Structures are given as C-alpha cells and as structure tokens.
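Data block for work_11.tsv (TSV, C-alpha atoms):
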chain	number	residue	atom	x	y	z
A	1	MET	CA	20.07	-13.20	48.25
A	2	LEU	CA	16.34	-13.49	47.67
A	3	LYS	CA	16.70	-12.26	44.09
A	4	ASP	CA	19.31	-14.86	43.22
A	5	THR	CA	17.25	-17.63	44.80
A	6	ILE	CA	14.10	-16.68	42.90
A	7	GLN	CA	15.91	-16.21	39.60
A	8	ALA	CA	17.43	-19.68	39.96
A	9	LEU	CA	14.04	-21.18	40.78
A	10	ALA	CA	12.44	-19.40	37.82
A	11	GLN	CA	15.08	-20.79	35.49
A	12	SER	CA	14.69	-24.30	36.91
A	13	ILE	CA	10.96	-24.39	36.11
A	14	PHE	CA	11.19	-22.53	32.80
A	15	SER	CA	10.56	-25.58	30.61
A	16	GLU	CA	7.56	-26.52	32.74
A	17	VAL	CA	6.07	-23.03	32.42
A	18	VAL	CA	6.60	-23.12	28.65
A	19	ALA	CA	4.84	-26.50	28.47
A	20	ASN	CA	1.92	-25.19	30.53
A	21	ARG	CA	1.65	-22.08	28.38
A	22	ARG	CA	1.64	-24.16	25.20
A	23	HIS	CA	-1.01	-26.50	26.60
A	24	ILE	CA	-3.29	-23.64	27.57
A	25	HIS	CA	-2.61	-21.89	24.25
A	26	ALA	CA	-3.52	-24.99	22.28
A	27	ASN	CA	-6.77	-25.44	24.21
A	28	PRO	CA	-8.34	-21.96	24.40
A	29	GLU	CA	-11.83	-21.35	25.74
A	30	LEU	CA	-14.06	-18.31	25.50
A	31	SER	CA	-15.08	-16.10	28.39
A	32	PHE	CA	-17.05	-17.79	31.20
A	33	VAL	CA	-16.82	-21.27	29.63
A	34	GLU	CA	-13.18	-21.95	30.54
A	35	TYR	CA	-14.01	-25.33	32.07
A	36	ASN	CA	-11.04	-27.33	30.79
A	37	THR	CA	-8.63	-24.48	31.49
A	38	SER	CA	-9.97	-24.24	35.03
A	39	THR	CA	-9.61	-27.99	35.53
A	40	PHE	CA	-6.02	-27.87	34.27
A	41	ILE	CA	-5.12	-25.09	36.69
A	42	LYS	CA	-6.72	-26.96	39.59
A	43	GLN	CA	-4.74	-30.08	38.70
A	44	GLN	CA	-1.49	-28.12	38.70
A	45	LEU	CA	-2.30	-26.58	42.07
A	46	ASP	CA	-3.12	-30.03	43.43
A	47	VAL	CA	0.28	-31.29	42.31
A	48	LEU	CA	1.89	-28.40	44.18
A	49	GLY	CA	-0.20	-29.08	47.27
A	50	ILE	CA	-1.83	-25.65	47.21
A	51	ASP	CA	-5.41	-25.48	48.44
A	52	TRP	CA	-7.90	-23.76	46.15
A	53	GLN	CA	-11.59	-22.98	45.85
A	54	GLU	CA	-13.87	-22.26	42.91
A	55	MET	CA	-15.36	-18.83	42.36
A	56	ALA	CA	-17.39	-17.30	39.52
A	57	ASN	CA	-18.02	-20.80	38.15
A	58	THR	CA	-14.70	-21.24	36.33
A	59	GLY	CA	-12.53	-18.99	38.47
A	60	ILE	CA	-10.07	-20.21	41.08
A	61	VAL	CA	-8.69	-18.65	44.26
A	62	ALA	CA	-5.78	-20.22	46.13
A	63	LEU	CA	-3.76	-19.24	49.19
A	64	ILE	CA	-0.08	-19.64	50.02
A	65	GLN	CA	0.51	-19.02	53.69
A	66	GLY	CA	3.98	-17.98	54.79
A	67	ALA	CA	5.34	-19.85	57.79
A	68	ILE	CA	6.11	-16.64	59.66
A	69	PRO	CA	3.01	-15.08	61.29
A	70	SER	CA	1.80	-11.85	59.68
A	71	ASP	CA	-1.49	-10.12	58.90
A	72	LYS	CA	-0.23	-8.86	55.55
A	73	VAL	CA	-1.94	-10.16	52.42
A	74	ILE	CA	-1.14	-9.54	48.76
A	75	ALA	CA	-3.18	-10.82	45.79
A	76	LEU	CA	-1.73	-11.82	42.42
A	77	ARG	CA	-4.14	-12.02	39.50
A	78	ALA	CA	-4.14	-13.77	36.11
A	79	ASP	CA	-6.99	-14.02	33.59
A	80	ILE	CA	-7.68	-17.30	31.77
A	81	ASP	CA	-10.13	-16.70	28.88
A	82	ALA	CA	-9.46	-16.52	25.13
A	83	LEU	CA	-10.92	-14.60	22.17
A	84	PRO	CA	-13.15	-15.51	19.19
A	85	ILE	CA	-10.26	-15.26	16.70
A	86	THR	CA	-8.96	-17.84	14.24
A	87	GLU	CA	-5.23	-18.35	14.74
A	88	VAL	CA	-2.78	-18.46	11.84
A	89	GLU	CA	-1.86	-21.99	10.79
A	90	GLY	CA	1.46	-23.74	11.23
A	91	ARG	CA	2.21	-23.43	14.94
A	92	VAL	CA	2.98	-26.64	16.81
A	93	TYR	CA	1.11	-25.27	19.82
A	94	GLY	CA	-1.60	-23.55	17.78
A	95	SER	CA	-5.24	-23.55	18.82
A	96	LYS	CA	-7.10	-26.84	18.51
A	97	ASN	CA	-10.45	-25.12	18.98
A	98	ALA	CA	-11.75	-23.65	15.74
A	99	GLY	CA	-12.34	-19.91	15.88
A	100	VAL	CA	-10.92	-19.53	19.40
A	101	MET	CA	-7.43	-18.24	20.21
A	102	HIS	CA	-5.36	-16.94	23.10
A	103	ALA	CA	-4.73	-13.73	21.19
A	104	CYS	CA	-4.39	-11.51	24.26
A	105	GLY	CA	-1.81	-13.47	26.22
A	106	HIS	CA	-4.02	-14.88	28.94
A	107	ASP	CA	-2.28	-18.21	28.42
A	108	VAL	CA	0.91	-16.39	29.40
A	109	HIS	CA	-0.70	-14.81	32.45
A	110	SER	CA	-2.18	-18.05	33.78
A	111	SER	CA	0.88	-20.25	33.13
A	112	SER	CA	3.09	-17.56	34.64
A	113	LEU	CA	1.01	-17.39	37.81
A	114	LEU	CA	1.22	-21.18	38.10
A	115	GLY	CA	4.99	-20.86	37.88
A	116	THR	CA	4.97	-18.05	40.44
A	117	ALA	CA	2.85	-20.24	42.71
A	118	LYS	CA	5.44	-23.02	42.51
A	119	ILE	CA	8.24	-20.63	43.40
A	120	LEU	CA	6.34	-19.09	46.30
A	121	HIS	CA	5.18	-22.46	47.64
A	122	SER	CA	8.78	-23.66	47.73
A	123	LEU	CA	9.77	-20.55	49.70
A	124	LYS	CA	6.82	-20.41	52.11
A	125	ASP	CA	9.01	-21.29	55.11
A	126	GLN	CA	11.06	-18.17	54.46
A	127	PHE	CA	8.46	-15.40	54.31
A	128	ALA	CA	5.71	-13.85	56.41
A	129	GLY	CA	2.17	-13.13	55.26
A	130	THR	CA	-0.35	-14.58	52.85
A	131	ILE	CA	-0.34	-14.62	49.08
A	132	LYS	CA	-3.71	-14.95	47.35
A	133	LEU	CA	-3.66	-16.33	43.82
A	134	ILE	CA	-6.56	-15.29	41.58
A	135	PHE	CA	-7.18	-17.13	38.31
A	136	GLN	CA	-9.99	-15.09	36.85
A	137	PRO	CA	-12.44	-15.94	34.05
A	138	GLY	CA	-14.15	-13.67	31.57
A	139	GLU	CA	-11.87	-10.65	31.28
A	140	GLU	CA	-12.80	-10.21	27.62
A	141	LYS	CA	-16.57	-10.07	28.03
A	142	LEU	CA	-18.96	-7.86	29.95
A	143	PRO	CA	-19.65	-7.67	32.84
A	144	GLY	CA	-16.08	-8.88	33.37
A	145	GLY	CA	-15.08	-11.79	35.54
A	146	ALA	CA	-13.44	-9.44	38.03
A	147	SER	CA	-16.78	-7.86	38.89
A	148	ILE	CA	-18.31	-11.28	39.52
A	149	MET	CA	-15.43	-12.50	41.64
A	150	ILE	CA	-15.56	-9.31	43.69
A	151	LYS	CA	-19.28	-9.86	44.33
A	152	GLU	CA	-18.48	-13.40	45.44
A	153	GLY	CA	-15.87	-12.15	47.92
A	154	VAL	CA	-12.49	-12.52	46.22
A	155	LEU	CA	-11.22	-9.44	48.06
A	156	GLU	CA	-12.31	-10.85	51.42
A	157	ASN	CA	-11.30	-13.68	53.78
A	158	PRO	CA	-8.53	-12.63	53.83
A	159	ALA	CA	-8.68	-9.12	52.41
A	160	PRO	CA	-5.52	-8.16	50.49
A	161	GLN	CA	-3.90	-4.83	51.18
A	162	ALA	CA	-2.69	-4.82	47.58
A	163	ILE	CA	-3.28	-6.61	44.29
A	164	VAL	CA	-0.81	-6.96	41.42
A	165	GLY	CA	-1.38	-8.09	37.85
A	166	GLN	CA	0.75	-8.33	34.74
A	167	HIS	CA	-0.21	-8.26	31.05
A	168	VAL	CA	1.72	-9.03	27.90
A	169	MET	CA	2.83	-6.08	25.77
A	170	PRO	CA	4.07	-6.81	22.24
A	171	LEU	CA	5.37	-3.24	21.90
A	172	ILE	CA	7.96	-3.95	24.62
A	173	GLU	CA	10.98	-6.15	24.02
A	174	ALA	CA	11.05	-9.45	25.90
A	175	GLY	CA	13.19	-9.08	28.99
A	176	LYS	CA	11.70	-5.70	29.88
A	177	VAL	CA	8.63	-4.52	31.79
A	178	GLY	CA	6.69	-1.26	31.87
A	179	PHE	CA	4.92	0.74	34.58
A	180	ARG	CA	2.67	3.75	34.92
A	181	SER	CA	1.56	5.29	38.20
A	182	GLY	CA	-1.92	6.79	38.58
A	183	LYS	CA	-4.56	6.60	35.86
A	184	TYR	CA	-3.45	4.06	33.29
A	185	MET	CA	-6.29	2.47	31.29
A	186	ALA	CA	-9.67	3.88	30.26
A	187	SER	CA	-13.22	2.99	31.19
A	188	THR	CA	-14.89	1.08	28.37
A	189	ASP	CA	-18.59	1.32	27.52
A	190	GLU	CA	-20.37	-0.32	24.60
A	191	LEU	CA	-22.88	1.66	22.53
A	192	TYR	CA	-25.78	0.01	20.69
A	193	VAL	CA	-27.84	2.46	18.64
A	194	THR	CA	-30.87	1.89	16.41
A	195	VAL	CA	-31.94	4.78	14.20
A	196	LYS	CA	-35.45	4.32	12.84
A	197	GLY	CA	-37.06	6.02	9.85
A	198	LYS	CA	-39.32	5.02	6.98
A	199	GLY	CA	-37.82	3.06	4.13
A	200	GLY	CA	-38.69	3.12	0.46
A	201	HIS	CA	-37.41	3.65	-3.06
A	202	GLY	CA	-34.12	5.52	-3.33
A	203	ALA	CA	-35.51	7.55	-6.22
A	204	GLN	CA	-38.36	8.89	-4.08
A	205	PRO	CA	-36.65	10.26	-0.95
A	206	GLN	CA	-39.46	12.75	-0.38
A	207	GLN	CA	-41.75	9.84	0.52
A	208	ASN	CA	-39.34	8.41	3.05
A	209	ILE	CA	-37.62	9.27	6.32
A	210	ASP	CA	-34.06	8.29	5.54
A	211	PRO	CA	-32.40	6.69	8.61
A	212	ILE	CA	-29.03	6.65	6.84
A	213	VAL	CA	-28.96	10.42	6.52
A	214	ILE	CA	-30.13	10.74	10.14
A	215	THR	CA	-27.38	8.36	11.21
A	216	ALA	CA	-24.76	10.37	9.34
A	217	HIS	CA	-25.82	13.51	11.21
A	218	ILE	CA	-25.78	11.67	14.54
A	219	ILE	CA	-22.28	10.24	14.03
A	220	THR	CA	-20.88	13.62	13.05
A	221	ALA	CA	-22.65	15.53	15.81
A	222	LEU	CA	-21.65	13.08	18.55
A	223	GLN	CA	-17.98	13.87	17.93
A	224	GLN	CA	-18.72	17.21	19.59
A	225	ILE	CA	-18.88	15.25	22.84
A	226	VAL	CA	-15.12	14.77	22.46
A	227	SER	CA	-14.08	17.95	20.67
A	228	ARG	CA	-16.32	20.60	22.26
A	229	ILE	CA	-17.85	19.27	25.49
A	230	ALA	CA	-15.15	17.13	27.10
A	231	ASP	CA	-12.43	18.95	29.02
A	232	PRO	CA	-9.41	18.97	26.66
A	233	LYS	CA	-7.30	17.74	29.57
A	234	MET	CA	-9.50	14.66	29.98
A	235	PRO	CA	-8.69	11.89	27.47
A	236	THR	CA	-11.94	10.83	25.79
A	237	VAL	CA	-12.63	8.54	22.85
A	238	LEU	CA	-15.88	7.95	20.96
A	239	SER	CA	-15.68	5.50	18.06
A	240	PHE	CA	-18.23	3.61	15.99
A	241	GLY	CA	-16.94	0.43	14.42
A	242	LYS	CA	-20.08	-1.13	13.03
A	243	ILE	CA	-22.88	0.31	10.87
A	244	VAL	CA	-25.56	-1.94	9.39
A	245	ALA	CA	-28.25	-0.50	7.09
A	246	ASN	CA	-29.21	-3.45	4.87
A	247	GLY	CA	-30.58	-1.27	2.08
A	248	ALA	CA	-29.44	-1.32	-1.53
A	249	THR	CA	-28.34	1.11	-4.24
A	250	ASN	CA	-31.97	2.04	-4.76
A	251	VAL	CA	-33.49	1.00	-1.43
A	252	ILE	CA	-33.65	3.18	1.67
A	253	PRO	CA	-33.99	0.88	4.72
A	254	ASN	CA	-36.34	1.33	7.64
A	255	GLU	CA	-33.55	1.43	10.21
A	256	VAL	CA	-29.81	1.60	10.75
A	257	LYS	CA	-27.89	-0.10	13.59
A	258	LEU	CA	-24.69	1.28	15.06
A	259	GLU	CA	-22.21	-0.21	17.50
A	260	GLY	CA	-19.40	1.71	19.12
A	261	THR	CA	-17.36	2.41	22.22
A	262	PHE	CA	-16.95	5.31	24.64
A	263	ARG	CA	-13.84	5.59	26.81
A	264	THR	CA	-12.52	8.05	29.35
A	265	PHE	CA	-10.77	8.46	32.73
A	266	ASP	CA	-13.30	10.14	35.02
A	267	GLU	CA	-16.44	8.52	36.42
A	268	ASP	CA	-18.41	11.77	36.78
A	269	TRP	CA	-17.64	12.82	33.22
A	270	ARG	CA	-18.45	9.29	32.05
A	271	VAL	CA	-21.99	9.54	33.46
A	272	GLU	CA	-22.46	13.05	32.09
A	273	ALA	CA	-21.25	12.03	28.64
A	274	HIS	CA	-23.67	9.10	28.55
A	275	GLN	CA	-26.57	11.47	29.16
A	276	LYS	CA	-25.39	13.98	26.57
A	277	MET	CA	-24.82	11.35	23.87
A	278	LYS	CA	-28.24	9.86	24.35
A	279	LYS	CA	-30.00	13.23	24.42
A	280	MET	CA	-28.15	14.53	21.35
A	281	ALA	CA	-28.79	11.42	19.24
A	282	GLU	CA	-32.46	11.22	20.15
A	283	GLY	CA	-32.95	14.93	19.52
A	284	ILE	CA	-31.34	14.81	16.08
A	285	ALA	CA	-33.39	11.81	15.03
A	286	GLU	CA	-36.64	13.40	16.24
A	287	SER	CA	-35.87	16.71	14.50
A	288	MET	CA	-35.46	14.85	11.22
A	289	GLY	CA	-38.69	12.87	11.58
A	290	GLY	CA	-37.23	9.63	12.88
A	291	SER	CA	-36.42	8.11	16.25
A	292	CYS	CA	-33.38	6.70	18.00
A	293	ASP	CA	-32.92	3.97	20.60
A	294	PHE	CA	-29.59	4.69	22.29
A	295	GLU	CA	-28.46	1.89	24.62
A	296	ILE	CA	-25.28	2.03	26.66
A	297	ALA	CA	-23.80	-1.14	28.17
A	298	ASN	CA	-21.71	0.06	31.09
A	299	GLY	CA	-18.35	-1.65	30.89
A	300	TYR	CA	-15.22	-1.53	33.01
A	301	PRO	CA	-14.23	1.54	35.03
A	302	PHE	CA	-10.89	3.24	34.44
A	303	LEU	CA	-7.84	1.50	35.86
A	304	VAL	CA	-5.76	3.41	38.37
A	305	ASN	CA	-2.40	2.24	39.67
A	306	ASN	CA	-1.90	3.23	43.29
A	307	GLU	CA	1.07	5.60	43.33
A	308	ALA	CA	2.77	4.30	46.46
A	309	LEU	CA	2.30	0.64	45.56
A	310	THR	CA	3.39	1.16	41.96
A	311	SER	CA	6.48	3.02	43.12
A	312	ASP	CA	7.36	0.09	45.37
A	313	VAL	CA	6.68	-2.55	42.72
A	314	LYS	CA	8.66	-0.63	40.12
A	315	SER	CA	11.61	-0.43	42.52
A	316	TYR	CA	11.42	-4.21	43.01
A	317	ALA	CA	11.47	-4.65	39.23
A	318	VAL	CA	14.57	-2.45	39.02
A	319	ASP	CA	16.21	-4.58	41.71
A	320	TYR	CA	15.29	-7.79	39.90
A	321	LEU	CA	15.92	-6.79	36.26
A	322	GLY	CA	18.13	-3.71	36.29
A	323	LYS	CA	17.06	-0.13	35.66
A	324	GLU	CA	17.64	-0.41	31.90
A	325	ASN	CA	14.92	-3.07	31.66
A	326	VAL	CA	12.17	-1.12	33.46
A	327	LEU	CA	10.26	1.37	31.31
A	328	ASP	CA	7.79	4.18	31.95
A	329	LEU	CA	4.47	3.94	30.10
A	330	ASP	CA	1.92	6.47	28.91
A	331	MET	CA	-1.86	6.38	29.49
A	332	TRP	CA	-3.63	3.87	27.25
A	333	MET	CA	-7.22	4.05	25.98
A	334	ALA	CA	-7.69	0.28	26.04
A	335	GLY	CA	-9.69	-1.22	28.89
A	336	GLU	CA	-9.19	-4.01	31.43
A	337	ASP	CA	-11.48	-5.44	34.05
A	338	PHE	CA	-8.55	-5.43	36.49
A	339	ALA	CA	-9.87	-1.88	36.89
A	340	PHE	CA	-12.62	-3.21	39.16
A	341	TYR	CA	-9.98	-4.33	41.66
A	342	SER	CA	-8.13	-1.02	41.33
A	343	GLN	CA	-11.27	0.89	42.33
A	344	LEU	CA	-11.51	-1.03	45.61
A	345	THR	CA	-7.97	-1.67	46.84
A	346	ASP	CA	-4.39	-0.61	46.17
A	347	ALA	CA	-3.48	-2.02	42.76
A	348	CYS	CA	-0.57	-2.21	40.35
A	349	PHE	CA	-1.02	-3.44	36.78
A	350	TYR	CA	2.22	-3.60	34.82
A	351	ARG	CA	3.29	-4.71	31.35
A	352	LEU	CA	5.41	-7.73	30.43
A	353	GLY	CA	7.48	-7.34	27.28
A	354	THR	CA	7.03	-10.17	24.74
A	355	ARG	CA	8.45	-8.67	21.52
A	356	ASN	CA	11.31	-10.15	19.48
A	357	GLU	CA	11.83	-8.46	16.13
A	358	GLN	CA	14.55	-10.87	15.02
A	359	GLN	CA	12.09	-13.75	15.39
A	360	GLY	CA	9.28	-11.76	13.77
A	361	ILE	CA	7.29	-11.68	17.00
A	362	THR	CA	5.78	-8.21	16.67
A	363	ALA	CA	2.01	-8.71	16.08
A	364	SER	CA	-0.45	-6.85	18.25
A	365	VAL	CA	-2.78	-8.54	20.71
A	366	HIS	CA	-6.26	-9.41	19.39
A	367	THR	CA	-4.84	-10.47	16.01
A	368	PRO	CA	-4.48	-13.95	14.44
A	369	ASN	CA	-0.68	-13.56	14.30
A	370	PHE	CA	-0.12	-12.71	17.95
A	371	ASP	CA	2.60	-14.69	19.67
A	372	ILE	CA	5.29	-14.17	22.31
A	373	ASP	CA	9.00	-14.65	22.78
A	374	GLU	CA	8.78	-17.42	25.35
A	375	LYS	CA	11.91	-16.27	27.14
A	376	ALA	CA	9.56	-13.77	28.81
A	377	LEU	CA	8.15	-16.67	30.81
A	378	SER	CA	11.19	-16.97	33.05
A	379	LEU	CA	10.95	-13.27	33.85
A	380	SER	CA	7.18	-13.29	34.36
A	381	THR	CA	7.25	-16.02	37.00
A	382	GLY	CA	10.24	-14.88	39.00
A	383	LEU	CA	9.50	-11.15	39.00
A	384	MET	CA	5.98	-11.62	40.34
A	385	ALA	CA	7.26	-13.93	43.08
A	386	TYR	CA	9.90	-11.37	44.02
A	387	ILE	CA	7.31	-8.57	44.05
A	388	ALA	CA	4.97	-10.56	46.29
A	389	ILE	CA	7.60	-11.42	48.89
A	390	LYS	CA	9.11	-7.94	48.93
A	391	GLN	CA	5.71	-6.25	49.22
A	392	LEU	CA	4.86	-8.43	52.20
A	393	GLY	CA	7.84	-6.83	53.91
A	394	ASN	CA	10.25	-9.74	53.73

Kindly transcribe the structure held in the file into structure tokens.
Amino acid sequence: MLKDTIQALAQSIFSEVVANRRHIHANPELSFVEYNTSTFIKQQLDVLGIDWQEMANTGIVALIQGAIPSDKVIALRADIDALPITEVEGRVYGSKNAGVMHACGHDVHSSSLLGTAKILHSLKDQFAGTIKLIFQPGEEKLPGGASIMIKEGVLENPAPQAIVGQHVMPLIEAGKVGFRSGKYMASTDELYVTVKGKGGHGAQPQQNIDPIVITAHIITALQQIVSRIADPKMPTVLSFGKIVANGATNVIPNEVKLEGTFRTFDEDWRVEAHQKMKKMAEGIAESMGGSCDFEIANGYPFLVNNEALTSDVKSYAVDYLGKENVLDLDMWMAGEDFAFYSQLTDACFYRLGTRNEQQGITASVHTPNFDIDEKALSLSTGLMAYIAIKQLGN
C-alpha cells in the first residue's frame, strides 16, 4: 500500500530530517537575508538530484516530475526565515546567531519539506503529475515573501491546481494534525500613528496641547470600530501594543507615537475600517487642537482554505494517521502570508502538532522557550508526501 510505503520511507529518513532541522535551527537567519539557509537547502536538493531555481533572492522552487504523464500539478510550501528573538540557553542545537531564533517552527517546515522531497523523488516512477516545492523567504516580515514569489511567477510554469502548507502548532499534541475549512486566519495590517500637540510643563496644561490626552481619547474611541461599527458576525481585532510619549512626570511631550494591528476576515470591511479609523483619529485630534498622522501598512490578506481541497486533504490525513489523530480547528486571528497563495489558487493550510507535556514542550511560538517534540518530523514528511501523491490522483 502507498501509505505503508511512505510511512516506512519517512521512518528511514527520520534521523536525517532531525539533523537537518537541528542544523537549520542552530543557524537561523532573519527575513529576506536567509542566504546560508538557502544555500543549505540547495545543497540538499543537489544531493537528491532535484533541479531547482532561485526566486525572490533567497527563495527556491524545485520540481519533481512523476514518470507517468499528467497535466496535474500540486505545490507544497515551506517558509525558511527566523525571528529577532533570543533563544533560551542550554540547547545543544540552540541558535548560534545572537538575537535570532527559529521561534515559529520554520526550521521544522523547511527540513520537513526536504524530507518530503526525498520521499517523493524516490517514488517518482510510481506517480503521475508534477510536484512543485516552494521554499519561501520572508514570511515574518512585510510585504511577505509569498507576495514577492507570486510576482516573480511561482504559481506559473507550471501552474499548480492546488497548494498545501503545514505549520507547527504547540497547542496540538505531537502525532496529531488539525484542519479548518473556509476562512481560517485573519488579514494583518500594521498601524503607525503619530499624535502631535504642543508640549510644555505638566503644571501648566492650559498653555499646552496635550498629545497624551488626545491619544487616550483616540485609543478609546477607535474600539468603537470593533464594538459598534463592525458586523458582530465578522471577527475583528484592533490592538495597540506600543505607545511612546517620552515626556516625564512634569513634562508634557510634543507628540505621542502608537503602533498597533488591525485584523479581520473580509476585504471590503478591511478597506472600510481603514478609512473609518483614519478619519476618526484625525477628527478627534483636530477637535482637541492637535493633529494626527495615521499610517496603515497593508499586510497579508485573510487565509481561506478551499473547502473541497481541504476536505480531500483531511481525508488523506485520516487515512494516514487515523481519525483520532485528525482534529478540527477554529478560526484564528493570527496572520500568515500563505494567505496570498490562498487568494489565487485552491489552498489548504493545516497544523502539525508539536506538543509534549511530559517533556515540557508546551511553549508558544514567538517565545524564547519554543521547541518541538521531534517525533513530529516523521509525521510531517510522510503525511505531506502522501497528500501530494493522493491529490494528484494516484
């Protein structure tokens, strides 16, 4: 059976995948400067005899052509960049690059796709169609490596009928995976706001235009975008995580800077909300004698999992792992630039469990303590290979 063959192959390369994951983890690189990571992936593909080409500077696209003629094409995607986080000390495979860490599991994604590539390459005489491997840079930083690769033609020559990606999930036990059909992850926009007034002595507020008070009114009022303007059925988040005033106990500053995020699941509402936020903030500042520069950096769109494709992929996961190891997920307000692919072609983005409470592996992504139960690496390689071959109709 295909499942038995792939599971055996996944187990046979498990130690190699672990070694690759640990190498990539120990040598993390930030978004769009993943030069050594890219070189390492190219070297591994060369060893396998898989042709590749560069894209988006540090990105890589490779093709595995099945021996049986077919026009069907499926793409498999992994991201390769790390985060500006300092990893906890004491790990034998810990980061060697100060202040940089694979805290979001992209080392898992890229090493897993290399393992999947090895499995698929060894089986190419047994399936029909083409499998496109996408090793993508810059998922963690706007404008997102996916958007750049799309502009450079990653979804062309040949054009995939479907694209599949997986992402670590420390809330799910290792050995399990999770799926959600339809809208899954939110659009993510960055807000950069400067509220300007007239600074002066804190004991003489009548002589000043206090930007801190103006800012307080703006922050409070903007929550009406979520609570009173957004459709209650449309998930919407507006959060400010950074406020810088640089005054003192007795000094009112000239300006206050805010940084925040806006997230939702509808592109029309997203545009409308941008306009309303900007108008509201500027109007409040002007009414109080100040001014407001409200800049919005458009981020990733919302991620939608094609219902038919996701149903198929989920059924393959049940075949491969057993029904008890395949979970249903809820909508999530985090963002992912895989969403760019999902807006253009049938897509399925699922979650790979990495949690092991007995080993203390429970930390969230984007934290210094994040780690994985490496047994997930045998599942991650084999399942994706099984999905690819089954989706091609073999």

TODO: Determine the nearest neighbour of His217 of chain A from the options A:Gly283, A:Gly138, A:Gly145, A:Pro84, counting all atoms listed in the file.
DONE: A:Gly283

Task: Given all atoms listed in the file as the counted atoms, nearest of A:Glu173, A:Glu255, A:Glu29, A:Glu139 to Lys375 of chain A - done: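 Checking each of A:Glu173, A:Glu255, A:Glu29, A:Glu139 against Lys375 of chain A, counting all atoms listed in the file, the winner is A:Glu173.
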
- [ ] Using only C-alpha atoms, find the one residue out of A:Leu123, A:Leu321, A:Val18, A:Ile134 that sits nearest to Val154 of chain A.
- [x] A:Ile134

Task: Nearby residues (all atoms listed in the file) at most 10 Å from His23 of chain A, same-chain spacing under 2 positions excluded, as an MDAnalysis selection string - done: chainID A and resid 17:21 25:28 37 40 93:95 107 111

- [ ] Kindly give the distance, in Å, that separates atom CA of Ile6 of chain A and atom CA of Tyr386 of chain A, rounded to a single decimal.
- [x]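 According to the coordinates, atom CA of Ile6 of chain A and atom CA of Tyr386 of chain A are separated by 6.9 Å.
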
Quick one: what's the axis-aligned box for segment 324-336 of chain A, all listed atoms, 8 Å on every side, centre and edges in Å to one decimal, as JSON?
{"center_x": 4.0, "center_y": 1.2, "center_z": 29.7, "size_x": 43.3, "size_y": 26.5, "size_z": 23.5}

Task: Neighbour list for Thr362 of chain A as number ranges by chain, cut-off 8 Å, only C-alpha atoms, skip fewer than 3 positions in-chain - done: A: 170-171, 355-357, 370-371

Please report as a Markdown table every residue of segment 199-251 of chain A lying within 10 Å of segment 178-193 of chain A, along with the nearest atom pair and their distance in Å (one decimal), using all atoms listed in the file.
| residue | atom | partner | partner_atom | distance |
| --- | --- | --- | --- | --- |
| A:Thr215 | CA | A:Val193 | CA | 9.5 |
| A:Pro235 | CA | A:Ala186 | CA | 8.5 |
| A:Thr236 | CA | A:Ala186 | CA | 8.6 |
| A:Val237 | CA | A:Ala186 | CA | 9.2 |
| A:Leu238 | CA | A:Leu191 | CA | 9.5 |
| A:Ser239 | CA | A:Leu191 | CA | 9.3 |
| A:Phe240 | CA | A:Leu191 | CA | 8.3 |
| A:Lys242 | CA | A:Tyr192 | CA | 9.6 |
| A:Ile243 | CA | A:Val193 | CA | 9.5 |

TODO: Rounded to one decimal place, report the atom CA of Lys132 of chain A-atom CA of Ser380 of chain A distance in Å.
DONE: 17.0 Å

Task: From A:Glu16, A:Asp125, A:Asp319, A:Glu336, residue lying nearest Lys3 of chain A [all atoms listed in the file] - done: A:Asp319

TODO: Using atom CA of Asp4 of chain A and atom CA of Lys176 of chain A as the two end points, give the distance in Å to one decimal.
DONE: 17.9 Å

- [ ] For the point (11.8, -3.4, 28.6) in the file's frame, write as a PyMOL selection string all residues with an atom no more than 8 Å away, counting all atoms listed in the file.
- [x] chain A and resi 172-178+324-327+352-353

Open item on the list: Residues within 12 Å of (-0.8, 1.6, 37.0), file coordinates, counting all atoms listed in the file: what are they? Give the list as a ChimeraX atom specification.
Closed with: /A:163-167,178-186,302-314,328-332,336,338-339,341-343,346-351

- [ ] Find the residue from A:Val213, A:Met55, A:Ile85, A:Val251 that sits nearest to Ala146 of chain A; use only C-alpha atoms when measuring.
- [x]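 Using only C-alpha atoms, Ala146 of chain A sits closest to A:Met55.
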
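Distances from A:Ala203, A:Ile252, A:Ile361, A:Leu48 to Gly115 of chain A were compared using all atoms listed in the file, and the smallest one belongs to A:Leu48.
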
Task: Non-local contacts of Ile50 of chain A (12 Å; only C-alpha atoms; under 3 positions in same chain excluded) as a ChimeraX atom specification - done: /A:41-47,53,60-65,114,117-122,124,131-133

Write the residues you've just listed into a file as a PDB file, in the coordinates of the input, and include C-alpha atoms for each of them.
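Result written to selection28.pdb:
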ATOM      1  CA  ILE A  41      -5.120 -25.090  36.690  1.00  0.00           C
ATOM      2  CA  LYS A  42      -6.720 -26.960  39.590  1.00  0.00           C
ATOM      3  CA  GLN A  43      -4.740 -30.080  38.700  1.00  0.00           C
ATOM      4  CA  GLN A  44      -1.490 -28.120  38.700  1.00  0.00           C
ATOM      5  CA  LEU A  45      -2.300 -26.580  42.070  1.00  0.00           C
ATOM      6  CA  ASP A  46      -3.120 -30.030  43.430  1.00  0.00           C
ATOM      7  CA  VAL A  47       0.280 -31.290  42.310  1.00  0.00           C
ATOM      8  CA  GLN A  53     -11.590 -22.980  45.850  1.00  0.00           C
ATOM      9  CA  ILE A  60     -10.070 -20.210  41.080  1.00  0.00           C
ATOM     10  CA  VAL A  61      -8.690 -18.650  44.260  1.00  0.00           C
ATOM     11  CA  ALA A  62      -5.780 -20.220  46.130  1.00  0.00           C
ATOM     12  CA  LEU A  63      -3.760 -19.240  49.190  1.00  0.00           C
ATOM     13  CA  ILE A  64      -0.080 -19.640  50.020  1.00  0.00           C
ATOM     14  CA  GLN A  65       0.510 -19.020  53.690  1.00  0.00           C
ATOM     15  CA  LEU A 114       1.220 -21.180  38.100  1.00  0.00           C
ATOM     16  CA  ALA A 117       2.850 -20.240  42.710  1.00  0.00           C
ATOM     17  CA  LYS A 118       5.440 -23.020  42.510  1.00  0.00           C
ATOM     18  CA  ILE A 119       8.240 -20.630  43.400  1.00  0.00           C
ATOM     19  CA  LEU A 120       6.340 -19.090  46.300  1.00  0.00           C
ATOM     20  CA  HIS A 121       5.180 -22.460  47.640  1.00  0.00           C
ATOM     21  CA  SER A 122       8.780 -23.660  47.730  1.00  0.00           C
ATOM     22  CA  LYS A 124       6.820 -20.410  52.110  1.00  0.00           C
ATOM     23  CA  ILE A 131      -0.340 -14.620  49.080  1.00  0.00           C
ATOM     24  CA  LYS A 132      -3.710 -14.950  47.350  1.00  0.00           C
ATOM     25  CA  LEU A 133      -3.660 -16.330  43.820  1.00  0.00           C
TER      26      LEU A 133
END

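Residues within 8 Å of Gly144 of chain A, counting all atoms listed in the file and excluding same-chain residues fewer than 6 positions away, are A:Pro137, A:Gly138, A:Gly299, A:Tyr300, A:Asp337.
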
Open item on the list: So that I can see what lies close to Gly393 of chain A, please list as an MDAnalysis selection string the residues with an atom at most 10 Å from it, counting only C-alpha atoms and leaving out residues fewer than 2 positions away in the same chain.
Closed with: chainID A and resid 70 72 127:129 388:391
